[in-house]
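Report on one structure; see the data block that follows.
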Amino acid sequence: MNNTTKEIDQLDEIGENHIATSDGSPIRDDAFALSNDEKIAKIEKHFSEIMNIIGLDLSDDSLSGTPRRVAKMFINEIFAGLDPTNEPSTTLFDNKYSYRQMLVERKIRLQSTCEHHFLPIIGYAHVAYIPNGKVIGLSKLNRIVEHFARRPQVQERLTVQIAQTLKELLHTEDVAVYIDAEHMCVKLRGVRHNDSSTVTTHYSGKFLNETMRLEFLKAIE
């Protein structure tokens, strides 16, 4: 069904203003009906058509393999976080030291993709929690961030997904997430502002306390 002019304008406005319209990643129920190999073959075919439409010569040695490279990159790399089978395995350990203070993993490199323009989002995530009965391996914090980043995203949703996952795994509300990222859809198109970045935060449990929140912000400076 074709969209009306008004509907097209509304969709453009959502994209231009980077508005999130759903809490969870908007994945269809039949998203995994095809195998990865089948998806790669279909994407390769359609991306070839896109390249043809914009006037590129796919017989050129430099371009002939591009559609398949793009297809493999989409499925196996930058959008691998859509597949629930790629969720990182997490091992929790007993908090044998009875550590009850803030634990911070800072400067986790973040590379994601804006779902409005399919351009990169690049920055850092800082996460913290206060252990309850269990602690989690430090590298797992990085892998959780990476998993949710490897899908088309808006930064607000990404922030919440990381926080919610940590709460569920650690059985605690004492979680903080801070993301500072640059959006290439702002830098390379539209307003083309090179110096701006976007900050999103999620504080819950003891991090709603101003003193604890300031301690976290001081730690990630």
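Chains: A, B, ... in order of the structure tokens. Residues: from 1 per chain. Ligands: from 1, in order shown.
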
### Task
Show which residues sit within 10 Å of A:Leu63, as number ranges by chain. Count only C-alpha atoms, and ignore same-chain residues fewer than 5 positions away.
A: 48, 51, 56-58, 69

Quick one: write out the picked residues with N, CA and C atoms as a PDB file, in the first residue's frame?
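File produced: part-v1.pdb:
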```pdb
ATOM      1  N   SER A  48      22.698  -5.696  -5.256  1.00  0.00           N
ATOM      2  CA  SER A  48      23.152  -5.555  -6.649  1.00  0.00           C
ATOM      3  C   SER A  48      22.226  -4.625  -7.411  1.00  0.00           C
ATOM      4  N   MET A  51      22.825  -1.018  -6.453  1.00  0.00           N
ATOM      5  CA  MET A  51      24.026  -0.502  -7.110  1.00  0.00           C
ATOM      6  C   MET A  51      23.775  -0.218  -8.590  1.00  0.00           C
ATOM      7  N   LEU A  56      26.175   2.187 -10.946  1.00  0.00           N
ATOM      8  CA  LEU A  56      27.493   1.576 -10.835  1.00  0.00           C
ATOM      9  C   LEU A  56      27.628   0.375 -11.773  1.00  0.00           C
ATOM     10  N   ASP A  57      28.850   0.149 -12.225  1.00  0.00           N
ATOM     11  CA  ASP A  57      29.136  -0.942 -13.150  1.00  0.00           C
ATOM     12  C   ASP A  57      29.645  -2.147 -12.369  1.00  0.00           C
ATOM     13  N   LEU A  58      28.781  -3.125 -12.158  1.00  0.00           N
ATOM     14  CA  LEU A  58      29.147  -4.288 -11.350  1.00  0.00           C
ATOM     15  C   LEU A  58      30.102  -5.247 -12.053  1.00  0.00           C
ATOM     16  N   ARG A  69      29.716  -9.067  -0.249  1.00  0.00           N
ATOM     17  CA  ARG A  69      30.434  -8.598   0.941  1.00  0.00           C
ATOM     18  C   ARG A  69      29.501  -7.842   1.875  1.00  0.00           C
TER      19      ARG A  69
END
```

### All residues 10 Å or closer to A:Ser89, only C-alpha atoms, same chain fewer than 3 positions away omitted, as a PyMOL selection string
chain A and resi 85-86+140+143-144

### Message
With DSSP run on the backbone, what are the alpha helix (DSSP H) residues within stretch 1-219 of chain A? I'd like them as number ranges by chain.
### Response
A: 5-16, 36-53, 66-73, 138-149, 155-170, 184-187, 210-219

Write the selection just made, keeping C-alpha atoms, as an mmCIF file, in the first residue's frame?
```cif
data_model
loop_
_atom_site.group_PDB
_atom_site.id
_atom_site.type_symbol
_atom_site.label_atom_id
_atom_site.label_comp_id
_atom_site.auth_asym_id
_atom_site.auth_seq_id
_atom_site.Cartn_x
_atom_site.Cartn_y
_atom_site.Cartn_z
ATOM 1 C CA THR A 5 2.097 12.545 1.310
ATOM 2 C CA LYS A 6 1.182 13.284 4.939
ATOM 3 C CA GLU A 7 2.302 9.820 6.060
ATOM 4 C CA ILE A 8 5.559 10.189 4.143
ATOM 5 C CA ASP A 9 6.179 13.564 5.820
ATOM 6 C CA GLN A 10 5.527 12.013 9.245
ATOM 7 C CA LEU A 11 7.927 9.149 8.530
ATOM 8 C CA ASP A 12 10.566 11.611 7.358
ATOM 9 C CA GLU A 13 10.097 13.655 10.532
ATOM 10 C CA ILE A 14 10.595 10.568 12.712
ATOM 11 C CA GLY A 15 13.795 9.755 10.847
ATOM 12 C CA GLU A 16 15.180 13.288 10.777
ATOM 13 C CA ASN A 36 21.642 -17.013 7.278
ATOM 14 C CA ASP A 37 22.819 -18.330 3.921
ATOM 15 C CA GLU A 38 19.381 -17.690 2.411
ATOM 16 C CA LYS A 39 19.343 -14.174 3.818
ATOM 17 C CA ILE A 40 22.802 -13.461 2.439
ATOM 18 C CA ALA A 41 21.760 -14.635 -1.035
ATOM 19 C CA LYS A 42 18.655 -12.424 -1.014
ATOM 20 C CA ILE A 43 20.474 -9.353 0.278
ATOM 21 C CA GLU A 44 23.202 -9.877 -2.323
ATOM 22 C CA LYS A 45 20.597 -9.871 -5.088
ATOM 23 C CA HIS A 46 18.802 -6.769 -3.818
ATOM 24 C CA PHE A 47 21.972 -4.817 -3.113
ATOM 25 C CA SER A 48 23.152 -5.555 -6.649
ATOM 26 C CA GLU A 49 19.939 -3.936 -7.858
ATOM 27 C CA ILE A 50 20.542 -0.871 -5.668
ATOM 28 C CA MET A 51 24.026 -0.502 -7.110
ATOM 29 C CA ASN A 52 22.636 -0.844 -10.628
ATOM 30 C CA ILE A 53 19.987 1.791 -9.979
ATOM 31 C CA THR A 66 30.537 -5.830 -3.195
ATOM 32 C CA PRO A 67 26.913 -7.069 -2.999
ATOM 33 C CA ARG A 68 27.971 -10.341 -1.368
ATOM 34 C CA ARG A 69 30.434 -8.598 0.941
ATOM 35 C CA VAL A 70 27.704 -6.242 2.098
ATOM 36 C CA ALA A 71 25.256 -9.122 2.587
ATOM 37 C CA LYS A 72 27.724 -11.118 4.679
ATOM 38 C CA MET A 73 28.602 -8.037 6.716
ATOM 39 C CA LEU A 138 33.954 -8.104 33.389
ATOM 40 C CA SER A 139 34.241 -9.137 29.732
ATOM 41 C CA LYS A 140 30.569 -10.137 29.777
ATOM 42 C CA LEU A 141 29.611 -6.520 30.380
ATOM 43 C CA ASN A 142 31.411 -5.612 27.166
ATOM 44 C CA ARG A 143 29.734 -8.456 25.298
ATOM 45 C CA ILE A 144 26.261 -7.426 26.455
ATOM 46 C CA VAL A 145 26.848 -3.913 25.141
ATOM 47 C CA GLU A 146 28.212 -5.283 21.875
ATOM 48 C CA HIS A 147 25.278 -7.678 21.400
ATOM 49 C CA PHE A 148 22.601 -4.985 21.583
ATOM 50 C CA ALA A 149 24.717 -2.559 19.564
ATOM 51 C CA GLN A 155 20.486 5.233 21.274
ATOM 52 C CA GLU A 156 17.705 5.563 23.833
ATOM 53 C CA ARG A 157 16.509 2.000 23.243
ATOM 54 C CA LEU A 158 20.060 0.655 23.286
ATOM 55 C CA THR A 159 20.651 2.272 26.686
ATOM 56 C CA VAL A 160 17.511 0.738 28.166
ATOM 57 C CA GLN A 161 18.156 -2.725 26.682
ATOM 58 C CA ILE A 162 21.618 -2.881 28.247
ATOM 59 C CA ALA A 163 20.266 -1.769 31.634
ATOM 60 C CA GLN A 164 17.304 -4.153 31.609
ATOM 61 C CA THR A 165 19.507 -7.110 30.701
ATOM 62 C CA LEU A 166 21.903 -6.385 33.565
ATOM 63 C CA LYS A 167 19.027 -6.081 36.025
ATOM 64 C CA GLU A 168 17.576 -9.407 34.943
ATOM 65 C CA LEU A 169 20.912 -11.225 35.011
ATOM 66 C CA LEU A 170 22.117 -9.830 38.341
ATOM 67 C CA MET A 184 27.178 9.680 11.375
ATOM 68 C CA CYS A 185 23.677 10.566 10.151
ATOM 69 C CA VAL A 186 24.202 13.908 11.939
ATOM 70 C CA LYS A 187 27.813 14.330 10.809
ATOM 71 C CA GLU A 210 22.377 11.835 43.910
ATOM 72 C CA THR A 211 25.540 10.954 45.849
ATOM 73 C CA MET A 212 25.824 7.523 44.216
ATOM 74 C CA ARG A 213 25.061 8.962 40.793
ATOM 75 C CA LEU A 214 27.765 11.627 41.174
ATOM 76 C CA GLU A 215 30.248 8.962 42.272
ATOM 77 C CA PHE A 216 29.473 7.026 39.084
ATOM 78 C CA LEU A 217 29.839 10.123 36.886
ATOM 79 C CA LYS A 218 33.150 10.957 38.574
ATOM 80 C CA ALA A 219 34.386 7.409 37.937
#
```

What's the 6 Å shell around A:Ala176, counting only C-alpha atoms, without same-chain residues fewer than 6 positions away, as a PDB file with N, CA and C atoms, in the first residue's frame?
```pdb
ATOM      1  N   VAL A 127      29.075   1.263  32.088  1.00  0.00           N
ATOM      2  CA  VAL A 127      28.035   0.563  32.849  1.00  0.00           C
ATOM      3  C   VAL A 127      28.525   0.310  34.267  1.00  0.00           C
ATOM      4  N   ALA A 128      27.581   0.289  35.180  1.00  0.00           N
ATOM      5  CA  ALA A 128      27.922   0.058  36.581  1.00  0.00           C
ATOM      6  C   ALA A 128      26.793  -0.698  37.260  1.00  0.00           C
ATOM      7  N   HIS A 202      20.707   5.799  31.955  1.00  0.00           N
ATOM      8  CA  HIS A 202      19.681   5.048  32.666  1.00  0.00           C
ATOM      9  C   HIS A 202      20.185   4.825  34.082  1.00  0.00           C
ATOM     10  N   TYR A 203      19.429   5.316  35.062  1.00  0.00           N
ATOM     11  CA  TYR A 203      19.770   5.119  36.461  1.00  0.00           C
ATOM     12  C   TYR A 203      18.604   4.436  37.160  1.00  0.00           C
TER      13      TYR A 203
END
```

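Note that atom CA of A:Pro88 and atom CA of A:Pro152 are 18.1 Å apart.
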
#### Entry: Surrounding residues of stretch 113-126 of chain A excluding itself and chain neighbours under 3 positions, 6 Å, only C-alpha atoms, as number ranges by chain
A: 15, 105-110, 152-154, 177-185

For the selection you just gave me, I'd like the residues written to a file as a compact mmCIF listing (two decimals), in the first residue's frame, keeping N, CA and C atoms.
```txt
# COMPACT_ATOMS: atom_id res chain seq x y z
N GLY A 15 12.41 10.06 11.19
CA GLY A 15 13.79 9.76 10.85
C GLY A 15 14.73 10.91 11.08
N GLU A 105 32.45 -0.61 34.69
CA GLU A 105 33.21 -0.93 33.48
C GLU A 105 33.06 0.26 32.56
N ARG A 106 34.15 1.00 32.37
CA ARG A 106 34.08 2.26 31.62
C ARG A 106 34.73 2.14 30.25
N LYS A 107 34.34 3.05 29.38
CA LYS A 107 34.90 3.16 28.02
C LYS A 107 34.78 1.85 27.24
N ILE A 108 33.60 1.26 27.26
CA ILE A 108 33.33 0.11 26.39
C ILE A 108 33.07 0.65 24.99
N ARG A 109 33.91 0.27 24.06
CA ARG A 109 33.78 0.80 22.70
C ARG A 109 32.44 0.39 22.10
N LEU A 110 31.72 1.35 21.58
CA LEU A 110 30.38 1.13 21.05
C LEU A 110 30.35 1.41 19.56
N PRO A 152 20.19 -2.62 14.04
CA PRO A 152 19.72 -1.26 13.81
C PRO A 152 19.14 -0.70 15.12
N GLN A 153 19.55 0.49 15.51
CA GLN A 153 19.22 0.98 16.83
C GLN A 153 18.87 2.46 16.84
N VAL A 154 18.24 2.87 17.93
CA VAL A 154 18.24 4.25 18.40
C VAL A 154 18.92 4.22 19.77
N VAL A 177 23.73 3.04 33.36
CA VAL A 177 24.28 2.97 32.01
C VAL A 177 24.38 4.39 31.47
N TYR A 178 25.53 4.70 30.88
CA TYR A 178 25.79 6.03 30.31
C TYR A 178 26.43 5.83 28.94
N ILE A 179 25.81 6.36 27.91
CA ILE A 179 26.34 6.23 26.55
C ILE A 179 26.57 7.61 25.96
N ASP A 180 27.75 7.81 25.42
CA ASP A 180 28.10 9.05 24.70
C ASP A 180 28.56 8.63 23.32
N ALA A 181 27.81 9.01 22.29
CA ALA A 181 28.10 8.50 20.95
C ALA A 181 27.90 9.57 19.88
N GLU A 182 28.64 9.42 18.80
CA GLU A 182 28.52 10.28 17.64
C GLU A 182 27.72 9.55 16.57
N HIS A 183 26.78 10.25 15.95
CA HIS A 183 25.91 9.68 14.94
C HIS A 183 26.34 10.19 13.57
N MET A 184 26.73 9.27 12.70
CA MET A 184 27.18 9.68 11.37
C MET A 184 26.05 10.27 10.54
N CYS A 185 24.79 9.96 10.88
CA CYS A 185 23.68 10.57 10.15
C CYS A 185 23.53 12.05 10.51
```

### Message
I'd like the neighbourhood of A:Met102 as a PyMOL selection string, where a residue qualifies if any of its atoms comes within 7 Å (using only C-alpha atoms), though same-chain residues fewer than 2 positions away should be ignored.
### Response
chain A and resi 100+104+128-130

### Message
Which residues are near A:Phe79? Cut-off 7 Å, only C-alpha atoms, ignore same chain within fewer than 5 positions. Put them as a VMD selection string.
### Response
chain A and resid 74 150 to 152

Can you write out the residues you just picked, keeping N, CA and C atoms, as a PDB file, in the first residue's frame?
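The resulting out.pdb:
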```pdb
ATOM      1  N   PHE A  74      26.199  -7.588   6.798  1.00  0.00           N
ATOM      2  CA  PHE A  74      24.931  -7.353   7.484  1.00  0.00           C
ATOM      3  C   PHE A  74      24.570  -8.521   8.402  1.00  0.00           C
ATOM      4  N   ARG A 150      24.852  -4.435  17.995  1.00  0.00           N
ATOM      5  CA  ARG A 150      24.927  -5.042  16.667  1.00  0.00           C
ATOM      6  C   ARG A 150      23.533  -5.301  16.092  1.00  0.00           C
ATOM      7  N   ARG A 151      22.808  -4.233  15.941  1.00  0.00           N
ATOM      8  CA  ARG A 151      21.492  -4.267  15.309  1.00  0.00           C
ATOM      9  C   ARG A 151      21.115  -2.830  14.961  1.00  0.00           C
ATOM     10  N   PRO A 152      20.192  -2.621  14.043  1.00  0.00           N
ATOM     11  CA  PRO A 152      19.719  -1.256  13.813  1.00  0.00           C
ATOM     12  C   PRO A 152      19.138  -0.703  15.117  1.00  0.00           C
TER      13      PRO A 152
END
```

### Message
Can you measure atom CA of A:Ile75 to atom CA of A:Val199 for me? One decimal in Å is fine.
### Response
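These atoms are spaced 28.0 Å apart.
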
9 Å contact set for A:Gly205, only C-alpha atoms, chain neighbours under 4 positions out, as a tab-separated table (two decimals) with C-alpha atoms, in the first residue's frame:
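The new file around-v4.tsv reads:
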```
chain	number	residue	atom	x	y	z
A	172	THR	CA	19.29	-6.14	41.17
A	173	GLU	CA	17.87	-2.71	40.39
A	174	ASP	CA	21.18	-1.04	41.24
A	175	VAL	CA	22.33	-0.42	37.66
A	176	ALA	CA	23.61	2.59	35.73
A	209	ASN	CA	20.51	8.66	44.86
```

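Pairwise distance (atom CA of A:Glu77, atom CA of A:Ser35) equals 15.2 Å.
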
### Task
Determine which residues of stretch 43-121 of chain A receive a DSSP assignment of strand (DSSP E), computed from the backbone, and state them as a list in words.
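Matching residues for strand (DSSP E) in stretch 43-121 of chain A are Leu92, Phe93, Asp94, Leu103, Val104, Glu105, Arg106, Lys107, Ile108, Arg109, Leu110, Gln111, Ser112, Thr113, Cys114, Pro120 and Ile121 of chain A.
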